[in-house]
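See structure below.
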Amino acid sequence: MSNVTRNRLTGADSTTGELVSQVVLGTSVLAFVAAWLLLLQWVDETATLAGVPALQLLGGAVVLIGAGLTFVGVGSRLGYLDATPSSTAGVPVGFVFGLLWAILGGIAATLVLGDALSLWLPVATVFGVGGFLGSVLPREDVGSTVPLGTILALFGASVAFGGIDANWTWSPSWSAAVFPGSELVPVAVVFATLLGAWGGAKAKLGFGAEGRQAGAYYLVGSVVFAMLGVLALLVAFIVTNGLETVLTGTSLTGGHLTLPFVGLQVPWAEFPFLLNQTGGLFVEIPGVLPAVIGTLWLVFGAVLFAVPLGVGAAVFLTEYAERGRFTQVVEVATNGLWSTPSIVFGLFGLAFLVPRISGGNSIFVGQLVLGFMLLPLVLITCREAILAVPDKHRDASAALGVTKWQTIRSVVLPAAMPGTITGIILGVGRIAGETAPLLLVFGGSPYPSSSPNVIGSFEFGIEPPFVTNEALLSPASALPYQLYSTITAGVFPKEVFTNTEFGWGTALVLLLVVVGLYAIGVGSRLYFRRKLHHE
Amino acid sequence: MTQILQQTRDAPSRLRAYAAGRLVATRQRARDYRSRTTDGAIAMHALVFASVVATFLLFLAGSEWTVLPVIAFVATFAVGWSRYQAEAAKALTFLTTVATVSILSLIIAFLLVRSEPIVRHMGLDVLTRIEQPLWTSNQGGVYALTPMMAGTAVTTVIATLVAAPIGIAGAVFVSEIAPRRVREVVKPGIELMAGIPSITYGFIGLTIVNQYFYVEFGTPTIGTYFAAGLMIGIMALPTVVTVSEDALNAVPESVKSGALAMGSTKWQTTKSVTIPAGLSGVSAGVLLGVGRALGETMAATVMLTHTKGFPSPVFDVFSNYGETLTTVIAFEGGNASGIHMSALFAGGVVLFVTVMLLSVTSQYVEWRMYQKLGGER
C-alpha cells in the first residue's frame, strides 16, 4: 500500500493524527536537544523555566510524547484516524520494546522485592515477554505505539511528579558509583526521545512501509547528528582551550628579523609558543619548538625508511610476482602489520633495535619504529594505486617493444603516483600523532631546553661505523610525547602556564599538524578522483 | 570415517608426491632464471643477497662491523644498477617484499623470545592466576596478566557497545540515506576524526570525562573503566563507519535497483537487501573497530588509575581498579627489567595474538562477502 495516495475525502480524519504526530516529533527533538544541554552542563540542572525545574519539564515532555503516541495508535486502530498500518510491527521492534519492558519490570521488582537476582530476574523476564508479545501480536499501529507510549508516560510521570529530581540518587549494590538523578534523567531522556521521534515519525506517515521508512530515517539521522555533534565538540573544545596558550605573547610586529647581508633589523611576527624552547633558564614563555622539530625528524626518517620499502614491495607484488602462496603470505603479513597495536611495535623496537643501535631511547630508533608502522599503509595504498592503472597502458607500452622494467618505471609508477602520495600523507598523519611506541624507544626529558641538532652533528671517523650522529642517537621530544609528559609530569616549571594550559596548547598544535595532514590527504584524494572521472 | 582413515594412510605418499612436484618446479624455475639472466646479473644478484644476509646477521649479533656489508650492498647495487637496471630493480623489489614479511616475523620472534622467561618462572599462572598477590616484585616476582586481561575485556566491551550501533547507523546514513551534498561533507569529516591522535582523546578524557564522572557519579577514583571505555568507543567510531560504509557501497547498484523496482521503499531496500548483502563487510568493520579498541593505548594510559585487581563484581565498571594490557606496557615499560619486563612482553604476546585473530577473521569475512557478491575484485 506504500504508493497509494491518501484521499482526503475518506471517512477517517487524517489531519488530527498528523498534527498529534507532529507535536510528538517536535517535542522529541526539543527534549533531545535540551537533555544534551543538561548533560554537557551548558544548562544547570537546577535551572527553571517559568518556575518549573528543568528535569520536571523534561519529564512532562516525555509524558506528552508517550500520551501522544498512544493516542495516535489507539485512534488509528479504532478507525478514527487515517493510517495504512501493516499487520504487525515486526520482530525487531518487538525485541526493542521487550527489552524496555524487561528493564521496567526489573526496576519495579528491585524496588518492591529487593535486589536479589532470583527475585528480579523472573519478573523482568515476564515483563520482557509481555512487552514483546504486546508489540508483535497487535496490528502495527497499536503494536508500535502503545507499549512504547505506556513506558514513556510511566517514566516521564515518575520524573515529573514522582519525585525523581536532581537530588535523587541511585546507589546499586554492585557498583562503587552513585548515580544521581541530575545525570541519569537526561541520559534516559536522550534515549526516550530517540524512541519517541522514531514512533512519532512512523505515526506521522500513517505507519506501513512509508511510516517505517520515516521512523528509521529519523532514528538514524538523530544518532548520526548526535555523533557528529560530539565529535565536533571535541575539536571545538581543544581549539577554545588551547588558543589562548598558543597565542600567548604573539604579536605581528613584536619580533625582529635580521635581514641577511644587510644587517638591518625589521619588525617581524612573534610567535613564542611555536618558536621557544620548552625548558631552560632564560625562556620567558615556554614553547614547543623542540617537540615540533622532533616530530619533523621522526616523520622525515619514517617516510625515508617506509616509502622505498613499501613502494618496492607493491611493485613486486603487482608486477613481478605470480598470484599464489607467496603473495597471499605477504598480504596476510601486511594486514597483520597494519592491525598490530602500536605499543607492540614499541616493545619490538625496545627488544630488537634499542640494544643494537643506541643502547637507549633515541630519535633513530623512533624513526625506524614509526617507519615499521607506516610501511603497511604505504604498501596497501601503493598496491591499490598500481592495480588501478589500466592494463591498456601496460600493453601499449609493451607493444612499443619496451622492457618490463622500463614500462614500470615510465608508465605504471607515474600513473600510480597520486594515489600513493595520498596514502603516504594519510599515513604520515597517523604516525605523527602516535605516542605509545615513543614512550618505550624515543622520549627524553619532559621539558627539553634545546632542539635536536641532527644536521650539525654528523661526525666521520676511521673506526667503524665510520659515520656517527650523536643527536640521532639521543632521546628527544615530539608533539604527542610532549603532551603525554606534560600530562604526567608534576608541576610545570614556569609560572606563565599551568600544566593543563600548556597541555591544551600542545594538543592544539598537534591537532593542527595531524588534521592538516589528513585534510591535505583527503583533499588530494578527492581531487585526483574527480580528475580521473572527468577524463 | 573410512574415508578419513584412507586419507591419513595416503598422507605420506601424497606428501612425497607434493614435495617431488615442488622440487621439479623449483628446478625448472632455476633453469629458466639461468637461461634468461646474463652471468653478470647473476653475480650481482648473488652479491646483493649475500651482503643483505650478512648485514642482517651482523646486525642481529650487534656488531659494529655491520657497516661493511652495507657498503658492499650499496657498491654492488650501484654497479648493478648502471649495467643491469632491470635485473637490479627486480632484485630490489623482491628484497623489499621479503623485508616486509620478515619485519612481522621478527616482531613475533622477539615477542616470544622475550616473554619466555616469565613463562618459565610462573608457568601458566601468568594467564590464570586470580589470587593476590597479582603483580609484585616480592616473593621472587609474581606477575599475573589476568587483571589486565579482564580490564582489556571490560573496556573493549564498553567501547564496542558504543562504537558498533552508532558506527553502523553512521554507515547506513552516509551510504544510503544522506543526500549527495551531505555525504560529501560528512564522509571526509568522519575520516578527519579518525586522524585525531589518541593522546588528544586521552587528554580530553583526563581533564573532562574523568572529572565529570568523579564529581557527578562519586566514583571512588578519578578514572574508571567506564570513562576510558566510553572514550575508546568514540575513538573507534570512525573506523567502524568507514569500513562498514565501504561494505554497504560495495553492494552492487543493480541489486538495490531490483528491490526498488519491485515497489519497496528505500528503507525496505536498505533493511532487507543492502544490509543483509553487506552484512559480512559491516561485521568486518566492527571487528576492525574492536581491534582498534583492544590495541588502543594512550587514551587508556592517561585515563586509568593503574591499580591492578578485580573489582567485585567483575562487571563493576566504576571501581577504583583500572589497568589494561596496553596501559601496563606503556606505563611500566620504560623502567622495567628482568622478569618484570618479560611479563610485559607476555602481555604484548596476548595482545598481538588477539588482534591478529580479529584481523584474520575480519579479512576472511570480507573475502567471503566479495566472493558472494561476485564483486569487482
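Labels for the C-alpha cells follow display order: chains A, B, ..., residues from 1 in each chain, ligands from 1.
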6 Å contacts from chain A to chain B using only C-alpha atoms, as a list in words: Ser175, Ala176, Ala177, Val178, Phe179, Gln213, Val220, Val224, Leu309, Gly312, Ala313, Phe316, Ala333, Pro341, Val344, Phe348, Arg356, Trp405, Gly433, Leu440 and Pro465 of chain A
Find the residues around Thr468 of chain A up to 7 Å (only C-alpha atoms counted), leave out those fewer than 6 positions away in its own chain, and share them as a list in words.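 Here the qualifying residues turn out to be Phe458, Glu459 and Phe460 of chain A.
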Would you kindly return, as a count of residues only, each protein, DNA or RNA residue with an atom no farther than 8 Å from any atom of Ala227 of chain B, considering only C-alpha atoms and excluding same-chain residues fewer than 2 positions away? 11
As a VMD selection string, please: the residues near Gly140 of chain B (cut-off 12 Å, only C-alpha atoms, same-chain neighbours under 5 positions excluded). chain B and resid 118 121 to 122 133 135 338 to 340
Could you turn the residues from that selection into a file that holds N, CA and C atoms, as a CSV table (one decimal), in the first residue's frame?
chain,number,residue,atom,x,y,z
B,118,ILE,N,59.3,-15.3,31.7
B,118,ILE,CA,58.2,-15.2,32.7
B,118,ILE,C,57.4,-16.5,32.7
B,121,HIS,N,59.2,-18.9,34.6
B,121,HIS,CA,59.2,-18.6,36.0
B,121,HIS,C,57.9,-18.9,36.7
B,122,MET,N,56.8,-18.6,36.0
B,122,MET,CA,55.5,-18.8,36.6
B,122,MET,C,54.6,-19.9,36.0
B,133,PRO,N,49.1,-12.3,45.8
B,133,PRO,CA,49.4,-11.1,45.0
B,133,PRO,C,49.4,-11.3,43.5
B,135,TRP,N,50.6,-8.8,41.2
B,135,TRP,CA,51.7,-8.0,40.4
B,135,TRP,C,52.6,-7.4,41.4
B,338,GLY,N,64.3,-7.5,33.8
B,338,GLY,CA,64.2,-8.8,34.3
B,338,GLY,C,62.9,-9.5,33.9
B,339,ILE,N,62.3,-10.2,34.9
B,339,ILE,CA,61.1,-10.9,34.6
B,339,ILE,C,59.9,-10.0,34.5
B,340,HIS,N,60.1,-8.8,35.2
B,340,HIS,CA,59.0,-7.8,35.1
B,340,HIS,C,58.8,-7.4,33.6
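The gap separating atom CA of Pro448 of chain A from atom CA of Ala306 of chain A is 28.1 Å, in Å to one decimal.
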Mind listing the strand (DSSP E) residues of segment 211-427 of chain A, per DSSP on the backbone, as a PyMOL selection string? chain A and resi 251-258+265-270
Kindly indicate which residue among B:Val52, B:Ile130, B:Val243, B:Val70 lies nearest to Leu279 of chain B, using only C-alpha atoms for the distances.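 With only C-alpha atoms as the atom set, the closest residue is B:Val243.
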Non-local contacts of Ala396 of chain A (10 Å; only C-alpha atoms; under 5 positions in same chain excluded) as a PyMOL selection string: chain A and resi 391+401-402+407+411
Just want the 9 Å neighbourhood of Ala31 of chain A, counted on only C-alpha atoms, with same-chain residues fewer than 3 positions away dropped. Output as a VMD selection string. chain A and resid 26 to 28 34 to 36 57 to 58 61 to 62 189 to 190 193
May I have the selected residues written with N, CA and C atoms, as a short mmCIF file (atom, residue, chain, number, x, y, z; two decimals), in the first residue's frame?
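Now in result-v4.cif:
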data_model
loop_
_atom_site.label_atom_id
_atom_site.label_comp_id
_atom_site.auth_asym_id
_atom_site.auth_seq_id
_atom_site.Cartn_x
_atom_site.Cartn_y
_atom_site.Cartn_z
N GLY A 26 8.04 17.00 17.30
CA GLY A 26 8.66 18.26 17.69
C GLY A 26 9.11 18.24 19.14
N THR A 27 8.22 17.74 20.03
CA THR A 27 8.59 17.66 21.44
C THR A 27 9.82 16.79 21.61
N SER A 28 9.86 15.66 20.88
CA SER A 28 11.01 14.76 20.99
C SER A 28 12.30 15.48 20.64
N ALA A 34 17.45 19.51 24.60
CA ALA A 34 17.52 20.01 25.98
C ALA A 34 18.28 19.04 26.88
N ALA A 35 18.03 17.72 26.69
CA ALA A 35 18.72 16.74 27.53
C ALA A 35 20.23 16.80 27.30
N TRP A 36 20.64 17.00 26.05
CA TRP A 36 22.07 17.12 25.75
C TRP A 36 22.64 18.36 26.42
N LEU A 57 10.37 19.51 33.71
CA LEU A 57 9.93 19.90 32.37
C LEU A 57 10.20 18.78 31.37
N LEU A 58 11.41 18.21 31.47
CA LEU A 58 11.76 17.09 30.59
C LEU A 58 10.80 15.93 30.82
N ALA A 61 7.59 16.58 29.18
CA ALA A 61 7.69 16.41 27.73
C ALA A 61 7.60 14.94 27.37
N VAL A 62 8.27 14.08 28.16
CA VAL A 62 8.23 12.65 27.86
C VAL A 62 6.82 12.10 28.05
N VAL A 189 16.35 10.48 29.15
CA VAL A 189 15.52 11.29 28.25
C VAL A 189 16.08 11.25 26.83
N VAL A 190 17.42 11.23 26.71
CA VAL A 190 18.01 11.13 25.36
C VAL A 190 17.49 9.89 24.65
N THR A 193 13.61 10.12 24.00
CA THR A 193 13.21 10.98 22.89
C THR A 193 13.60 10.39 21.55
#
I need the residues in segment 126-191 of chain B that are helix (DSSP H, G or I) according to DSSP; give them as an MDAnalysis selection string. chainID B and resid 126:128 146:177 180:191
Which polymer residues have any atom within 7 Å of an atom of Val91 of chain A, counting only C-alpha atoms, with same-chain residues fewer than 3 positions away left out, as a ChimeraX atom specification? /A:94-95,136
Residues as selected, C-alpha atoms, written as a PDB file, in the first residue's frame, can you do that?
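Final output, saved to again.pdb:
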ATOM      1  CA  GLY A  94       9.263  -6.425  19.469  1.00  0.00           C
ATOM      2  CA  PHE A  95      12.785  -7.051  20.756  1.00  0.00           C
ATOM      3  CA  VAL A 136       4.313  -8.145  17.877  1.00  0.00           C
TER       4      VAL A 136
END
